[in-house]
$ cat run11.pdb   # PDB, C-alpha atoms
ATOM      1  CA  MET A   1     -55.629 -37.151  32.338
ATOM      2  CA  LYS A   2     -53.022 -39.615  31.029
ATOM      3  CA  PHE A   3     -54.906 -39.837  27.749
ATOM      4  CA  THR A   4     -54.889 -36.039  27.370
ATOM      5  CA  LYS A   5     -51.138 -35.825  28.066
ATOM      6  CA  SER A   6     -50.336 -38.579  25.581
ATOM      7  CA  LEU A   7     -52.610 -37.001  22.937
ATOM      8  CA  PHE A   8     -50.894 -33.642  23.475
ATOM      9  CA  SER A   9     -47.424 -35.279  23.251
ATOM     10  CA  ILE A  10     -48.335 -37.055  20.001
ATOM     11  CA  SER A  11     -49.694 -33.798  18.546
ATOM     12  CA  ILE A  12     -46.495 -31.902  19.371
ATOM     13  CA  LEU A  13     -44.325 -34.721  17.972
ATOM     14  CA  THR A  14     -46.390 -34.813  14.742
ATOM     15  CA  PHE A  15     -46.063 -31.057  14.381
ATOM     16  CA  PHE A  16     -42.264 -31.150  14.702
ATOM     17  CA  VAL A  17     -41.925 -34.101  12.310
ATOM     18  CA  GLY A  18     -43.999 -32.159   9.751
ATOM     19  CA  CYS A  19     -41.848 -29.057  10.186
ATOM     20  CA  LEU A  20     -38.692 -31.137   9.783
ATOM     21  CA  ALA A  21     -40.019 -32.721   6.591
ATOM     22  CA  VAL A  22     -40.853 -29.341   5.080
ATOM     23  CA  TRP A  23     -37.432 -27.999   6.022
ATOM     24  CA  LEU A  24     -35.631 -31.009   4.496
ATOM     25  CA  ILE A  25     -37.645 -30.768   1.253
ATOM     26  CA  GLY A  26     -36.720 -27.115   1.034
ATOM     27  CA  LEU A  27     -33.010 -28.028   1.172
ATOM     28  CA  MET A  28     -33.289 -30.338  -1.851
ATOM     29  CA  PRO A  29     -32.018 -28.915  -5.157
ATOM     30  CA  ASN A  30     -34.824 -28.097  -7.574
ATOM     31  CA  SER A  31     -34.238 -28.230 -11.309
ATOM     32  CA  LYS A  32     -37.005 -27.440 -13.736
ATOM     33  CA  GLU A  33     -35.133 -28.518 -16.853
ATOM     34  CA  VAL A  34     -35.715 -31.907 -18.431
ATOM     35  CA  PRO A  35     -32.437 -33.740 -19.053
ATOM     36  CA  SER A  36     -31.820 -33.651 -22.798
ATOM     37  CA  ASN A  37     -29.729 -36.768 -23.216
ATOM     38  CA  SER A  38     -31.329 -40.198 -23.345
ATOM     39  CA  SER A  39     -28.853 -41.672 -20.890
ATOM     40  CA  ALA A  40     -30.135 -39.628 -17.970
ATOM     41  CA  SER A  41     -29.831 -41.266 -14.614
ATOM     42  CA  ILE A  42     -32.553 -41.704 -11.989
ATOM     43  CA  LYS A  43     -30.903 -38.929  -9.980
ATOM     44  CA  ASP A  44     -31.534 -36.449 -12.827
ATOM     45  CA  PHE A  45     -35.277 -37.144 -12.724
ATOM     46  CA  GLN A  46     -35.594 -37.037  -8.944
ATOM     47  CA  THR A  47     -35.218 -33.246  -8.936
ATOM     48  CA  PHE A  48     -37.316 -32.638 -12.041
ATOM     49  CA  THR A  49     -40.576 -30.731 -11.578
ATOM     50  CA  PRO A  50     -42.638 -31.586 -14.677
ATOM     51  CA  VAL A  51     -45.398 -28.981 -14.219
ATOM     52  CA  GLU A  52     -45.219 -25.422 -13.022
ATOM     53  CA  PRO A  53     -47.813 -24.984 -10.251
ATOM     54  CA  ILE A  54     -50.777 -22.850 -11.323
ATOM     55  CA  PRO A  55     -52.037 -20.448  -8.683
ATOM     56  CA  ALA A  56     -55.671 -21.044  -7.777
ATOM     57  CA  VAL A  57     -56.876 -17.545  -8.562
ATOM     58  CA  ILE A  58     -60.317 -17.182 -10.057
ATOM     59  CA  PRO A  59     -60.797 -13.834 -11.755
ATOM     60  CA  GLU A  60     -63.562 -11.797 -10.158
ATOM     61  CA  ARG A  61     -66.611 -11.261 -12.305
ATOM     62  CA  GLN A  62     -67.497  -7.612 -12.476
ATOM     63  CA  PRO A  63     -71.112  -7.091 -11.415
ATOM     64  CA  ARG A  64     -73.526  -5.875 -14.091
ATOM     65  CA  PHE A  65     -74.854  -3.058 -11.869
ATOM     66  CA  THR A  66     -72.728  -1.134  -9.369
ATOM     67  CA  SER A  67     -74.252   1.394  -6.982
ATOM     68  CA  THR A  68     -72.663   4.826  -7.354
ATOM     69  CA  TYR A  69     -74.661   7.052  -5.010
ATOM     70  CA  ILE A  70     -77.589   7.194  -2.601
ATOM     71  CA  ALA A  71     -79.679  10.319  -2.039
ATOM     72  CA  CYS A  72     -82.356  10.721   0.608
ATOM     73  CA  GLY A  73     -85.010  13.299   1.342
ATOM     74  CA  PHE A  74     -88.738  12.827   1.059
ATOM     75  CA  GLY A  75     -88.016   9.626  -0.844
ATOM     76  CA  SER A  76     -84.747   8.039  -1.809
ATOM     77  CA  TRP A  77     -82.704   7.562  -4.962
ATOM     78  CA  ARG A  78     -79.874   5.232  -5.814
ATOM     79  CA  GLY A  79     -77.703   5.654  -8.888
ATOM     80  CA  TYR A  80     -76.094   2.743 -10.709
ATOM     81  CA  VAL A  81     -73.547   2.316 -13.446
ATOM     82  CA  THR A  82     -73.428  -0.803 -15.612
ATOM     83  CA  ASN A  83     -70.285  -2.712 -16.476
ATOM     84  CA  ASP A  84     -70.512  -1.185 -19.973
ATOM     85  CA  GLY A  85     -70.757   2.415 -18.682
ATOM     86  CA  GLN A  86     -74.502   3.151 -18.833
ATOM     87  CA  THR A  87     -76.173   4.890 -15.895
ATOM     88  CA  LEU A  88     -79.618   4.462 -14.369
ATOM     89  CA  VAL A  89     -81.529   5.546 -11.286
ATOM     90  CA  GLN A  90     -83.877   3.626  -9.011
ATOM     91  CA  GLY A  91     -85.885   5.328  -6.328
ATOM     92  CA  SER A  92     -89.062   6.537  -4.696
ATOM     93  CA  LYS A  93     -90.329  10.094  -4.766
ATOM     94  CA  GLY A  94     -92.538  11.224  -1.905
ATOM     95  CA  PHE A  95     -95.453  13.655  -2.084
ATOM     96  CA  ASP A  96     -97.401  15.519   0.601
ATOM     97  CA  THR A  97    -100.590  13.590  -0.104
ATOM     98  CA  PRO A  98    -101.663  10.528  -2.100
ATOM     99  CA  LYS A  99    -103.704  12.924  -4.287
ATOM    100  CA  LYS A 100    -100.529  14.822  -5.281
ATOM    101  CA  ALA A 101     -98.729  11.540  -5.966
ATOM    102  CA  SER A 102    -101.583  10.393  -8.182
ATOM    103  CA  ALA A 103    -101.569  13.719 -10.044
ATOM    104  CA  GLU A 104     -97.808  13.395 -10.671
ATOM    105  CA  LEU A 105     -98.292   9.863 -11.988
ATOM    106  CA  LYS A 106    -101.017  11.052 -14.390
ATOM    107  CA  LYS A 107     -98.723  13.880 -15.521
ATOM    108  CA  ARG A 108     -95.856  11.431 -16.235
ATOM    109  CA  ILE A 109     -98.218   9.193 -18.221
ATOM    110  CA  LYS A 110     -99.589  12.165 -20.195
ATOM    111  CA  GLU A 111     -96.069  13.447 -21.036
ATOM    112  CA  ALA A 112     -94.843  10.031 -22.175
ATOM    113  CA  VAL A 113     -94.007   9.503 -25.834
ATOM    114  CA  ARG A 114     -95.383   5.969 -25.617
ATOM    115  CA  ILE A 115     -96.880   3.719 -22.961
ATOM    116  CA  VAL A 116     -95.393   0.266 -23.375
ATOM    117  CA  GLU A 117     -97.434  -1.386 -20.634
ATOM    118  CA  HIS A 118     -99.948  -0.362 -17.978
ATOM    119  CA  ILE A 119    -101.098  -2.967 -15.458
ATOM    120  CA  PRO A 120    -103.598  -1.407 -13.022
ATOM    121  CA  ASN A 121    -103.607  -4.322 -10.526
ATOM    122  CA  TYR A 122    -100.007  -5.473 -10.566
ATOM    123  CA  LYS A 123     -98.935  -7.720  -7.692
ATOM    124  CA  GLY A 124     -95.277  -6.962  -7.029
ATOM    125  CA  PHE A 125     -92.624  -9.336  -5.685
ATOM    126  CA  ASP A 126     -93.403  -7.996  -2.215
ATOM    127  CA  LYS A 127     -97.092  -8.979  -2.698
ATOM    128  CA  VAL A 128     -98.241  -5.322  -2.680
ATOM    129  CA  VAL A 129    -100.871  -4.612  -5.338
ATOM    130  CA  GLY A 130    -100.661  -1.387  -7.314
ATOM    131  CA  GLU A 131    -100.130   0.070 -10.769
ATOM    132  CA  ARG A 132     -97.096  -0.798 -12.881
ATOM    133  CA  ILE A 133     -96.463   1.439 -15.867
ATOM    134  CA  ILE A 134     -93.662   1.135 -18.418
ATOM    135  CA  LEU A 135     -93.254   4.230 -20.543
ATOM    136  CA  ILE A 136     -90.909   5.904 -22.978
ATOM    137  CA  ASN A 137     -90.067   9.460 -21.900
ATOM    138  CA  PRO A 138     -89.762  12.491 -24.205
ATOM    139  CA  PRO A 139     -86.288  13.108 -25.641
ATOM    140  CA  ASP A 140     -83.797  14.627 -23.203
ATOM    141  CA  LYS A 141     -81.538  17.620 -23.982
ATOM    142  CA  ASN A 142     -79.367  15.301 -26.119
ATOM    143  CA  GLY A 143     -82.383  14.216 -28.151
ATOM    144  CA  LYS A 144     -82.468  10.666 -26.734
ATOM    145  CA  GLU A 145     -85.579   8.982 -25.405
ATOM    146  CA  THR A 146     -85.300   7.218 -22.054
ATOM    147  CA  ALA A 147     -87.452   4.563 -20.409
ATOM    148  CA  SER A 148     -89.119   4.425 -17.002
ATOM    149  CA  ILE A 149     -90.835   1.717 -15.028
ATOM    150  CA  LEU A 150     -93.214   3.211 -12.450
ATOM    151  CA  TRP A 151     -95.056   1.608  -9.521
ATOM    152  CA  TYR A 152     -97.791   3.286  -7.537
ATOM    153  CA  ASN A 153     -99.958   1.657  -4.874
ATOM    154  CA  GLY A 154    -102.205   4.613  -4.014
ATOM    155  CA  GLY A 155     -99.989   6.062  -1.279
ATOM    156  CA  GLN A 156     -97.673   9.054  -1.081
ATOM    157  CA  PHE A 157     -94.780   7.508  -3.030
ATOM    158  CA  ILE A 158     -94.098   6.706  -6.669
ATOM    159  CA  SER A 159     -91.284   4.207  -7.179
ATOM    160  CA  SER A 160     -89.372   4.111 -10.429
ATOM    161  CA  ILE A 161     -86.472   2.885 -12.496
ATOM    162  CA  ASP A 162     -85.209   5.444 -15.029
ATOM    163  CA  ALA A 163     -82.788   4.108 -17.640
ATOM    164  CA  PRO A 164     -81.401   5.111 -21.051
ATOM    165  CA  SER A 165     -83.225   2.199 -22.726
ATOM    166  CA  LEU A 166     -86.240  -0.011 -22.150
ATOM    167  CA  GLU A 167     -84.065  -3.132 -22.313
ATOM    168  CA  LEU A 168     -81.767  -1.862 -19.551
ATOM    169  CA  ALA A 169     -84.691  -0.854 -17.321
ATOM    170  CA  LEU A 170     -86.274  -4.313 -17.683
ATOM    171  CA  GLU A 171     -82.940  -6.057 -17.111
ATOM    172  CA  PHE A 172     -82.374  -4.055 -13.921
ATOM    173  CA  GLU A 173     -85.913  -4.740 -12.683
ATOM    174  CA  SER A 174     -85.419  -8.454 -13.288
ATOM    175  CA  GLU A 175     -82.088  -8.446 -11.428
ATOM    176  CA  GLN A 176     -83.605  -6.587  -8.469
ATOM    177  CA  ARG A 177     -86.526  -9.010  -8.324
ATOM    178  CA  ARG A 178     -84.099 -11.939  -8.398
ATOM    179  CA  LEU A 179     -82.041 -10.481  -5.556
ATOM    180  CA  LEU A 180     -85.024  -9.538  -3.407
ATOM    181  CA  THR A 181     -86.738 -12.896  -3.771
ATOM    182  CA  ASP A 182     -83.551 -14.946  -3.314
ATOM    183  CA  SER A 183     -83.905 -16.945  -0.085
ATOM    184  CA  ARG A 184     -80.376 -16.034   1.028
ATOM    185  CA  PHE A 185     -81.144 -12.337   0.704
ATOM    186  CA  ARG A 186     -84.470 -12.661   2.528
ATOM    187  CA  GLN A 187     -82.640 -14.234   5.468
ATOM    188  CA  LEU A 188     -80.416 -11.154   5.699
ATOM    189  CA  ARG A 189     -83.431  -8.809   5.646
ATOM    190  CA  ASN A 190     -85.233 -10.605   8.492
TER     191      ASN A 190
END

$ encode --input "run11.pdb" --output "structure tokens"
Amino acid sequence: MKFTKSLFSISILTFFVGCLAVWLIGLMPNSKEVPSNSSASIKDFQTFTPVEPIPAVIPERQPRFTSTYIACGFGSWRGYVTNDGQTLVQGSKGFDTPKKASAELKKRIKEAVRIVEHIPNYKGFDKVVGERIILINPPDKNGKETASILWYNGGQFISSIDAPSLELALEFESEQRRLLTDSRFRQLRN
């Protein structure tokens, strides 16, 4: 008990001595100008602050992809905008039956301007095996071709990334894979 009282007394005393020191330093005059004459006395340099303190502020890095909306129904969609103003959509579209989903996938492949890649037995980051198709879509109403990455594992859903360019779609896919396989993120999911 004596030890606890003496420890508490020393802590309080240390606190007040620290407060007194801060208060006394605050009363000291503070000059930021360097004395210009060569015959400056020691007193002139005692109040000189040679360097202006720099605040420790690290500018925030704007993320490459920012989520702008989420839509749900029989499937789900999430819109993103990039830090340079491009937009893309990631999502899953649901169908009544796997047969209808498969028919929609075949339709998308048939309508494509070009198939960049088609891997029939693709093992995704989540270890699910299915098809992965990268295709270039027909020109939109503005005359621009877009790119899509599609995944289909034989069920009722087709997952996709739809972007204005193939490079952006692949960059987004890579970023999503990195986030979903990052050990810190997996801990949050479990």

$ resolve_selection --input "run11.pdb" --expression "the PyMOL selection byres ((chain A and resi 118) around 10)" --output "ChimeraX atom specification"
/A:109,115-117,119-122,131-135,149-151

$ atom_distance --input "run11.pdb" --atom1 "CA of Lys123 in chain A" --atom2 "CA of Ser76 in chain A"
22.0 Å

$ atom_distance --input "run11.pdb" --atom1 "CA of Pro164 in chain A" --atom2 "CA of Gln176 in chain A"
17.3 Å

$ closest_residue --input "run11.pdb" --among "A:Tyr69, A:Gly75, A:Glu167, A:Asp126" --to "Thr146 in chain A" --atoms "all atoms listed in the file"
A:Glu167

$ atom_distance --input "run11.pdb" --atom1 "CA of Phe65 in chain A" --atom2 "CA of Gly91 in chain A"
14.9 Å

$ resolve_selection --input "run11.pdb" --expression "the PyMOL selection byres ((chain A and resi 78) around 6)" --output "NGL selection string"
:A and (69-70 or 77 or 79 or 89-90)

$ write_last_selection --input "run11.pdb" --atoms "C-alpha atoms" --output "tab-separated table (two decimals), keeping the file's coordinate frame"
chain	number	residue	atom	x	y	z
A	69	TYR	CA	-74.66	7.05	-5.01
A	70	ILE	CA	-77.59	7.19	-2.60
A	77	TRP	CA	-82.70	7.56	-4.96
A	79	GLY	CA	-77.70	5.65	-8.89
A	89	VAL	CA	-81.53	5.55	-11.29
A	90	GLN	CA	-83.88	3.63	-9.01

$ closest_residue --input "run11.pdb" --among "A:Gly154, A:Gly130, A:Gly18, A:Pro63" --to "Glu104 in chain A" --atoms "all atoms listed in the file"
A:Gly154

$ closest_residue --input "run11.pdb" --among "A:Ser165, A:Ser148, A:Gln86, A:Ser174" --to "Phe125 in chain A" --atoms "all atoms listed in the file"
A:Ser174

$ resolve_selection --input "run11.pdb" --expression "the PyMOL selection byres ((chain A and resi 145) around 12)" --output "list in words"
Ala112, Val113, Arg114, Leu135, Ile136, Asn137, Pro138, Pro139, Asp140, Lys141, Asn142, Gly143, Lys144, Thr146, Ala147, Ser148, Asp162, Ala163, Pro164, Ser165 and Leu166 of chain A

$ axis_aligned_box --input "run11.pdb" --around "range 122-128 of chain A" --padding-each-side "8 Å" --output "AutoDock Vina command-line options"
--center_x -96.3 --center_y -7.3 --center_z -6.4 --size_x 23.4 --size_y 20.0 --size_z 24.4

$ closest_residue --input "run11.pdb" --among "A:Leu170, A:Val129, A:Leu88, A:Ile158" --to "Ala103 in chain A" --atoms "all atoms listed in the file"
A:Ile158

$ residues_around --input "run11.pdb" --residues "Gly155 in chain A" --least-positions-apart "4" --cutoff "9 Å" --atoms "only C-alpha atoms" --output "list in words"
Phe95, Thr97, Pro98, Lys99, Ala101 and Ser102 of chain A

$ write_last_selection --input "run11.pdb" --atoms "C-alpha atoms" --output "PDB file, keeping the file's coordinate frame"
ATOM      1  CA  PHE A  95     -95.453  13.655  -2.084  1.00  0.00           C
ATOM      2  CA  THR A  97    -100.590  13.590  -0.104  1.00  0.00           C
ATOM      3  CA  PRO A  98    -101.663  10.528  -2.100  1.00  0.00           C
ATOM      4  CA  LYS A  99    -103.704  12.924  -4.287  1.00  0.00           C
ATOM      5  CA  ALA A 101     -98.729  11.540  -5.966  1.00  0.00           C
ATOM      6  CA  SER A 102    -101.583  10.393  -8.182  1.00  0.00           C
TER       7      SER A 102
END
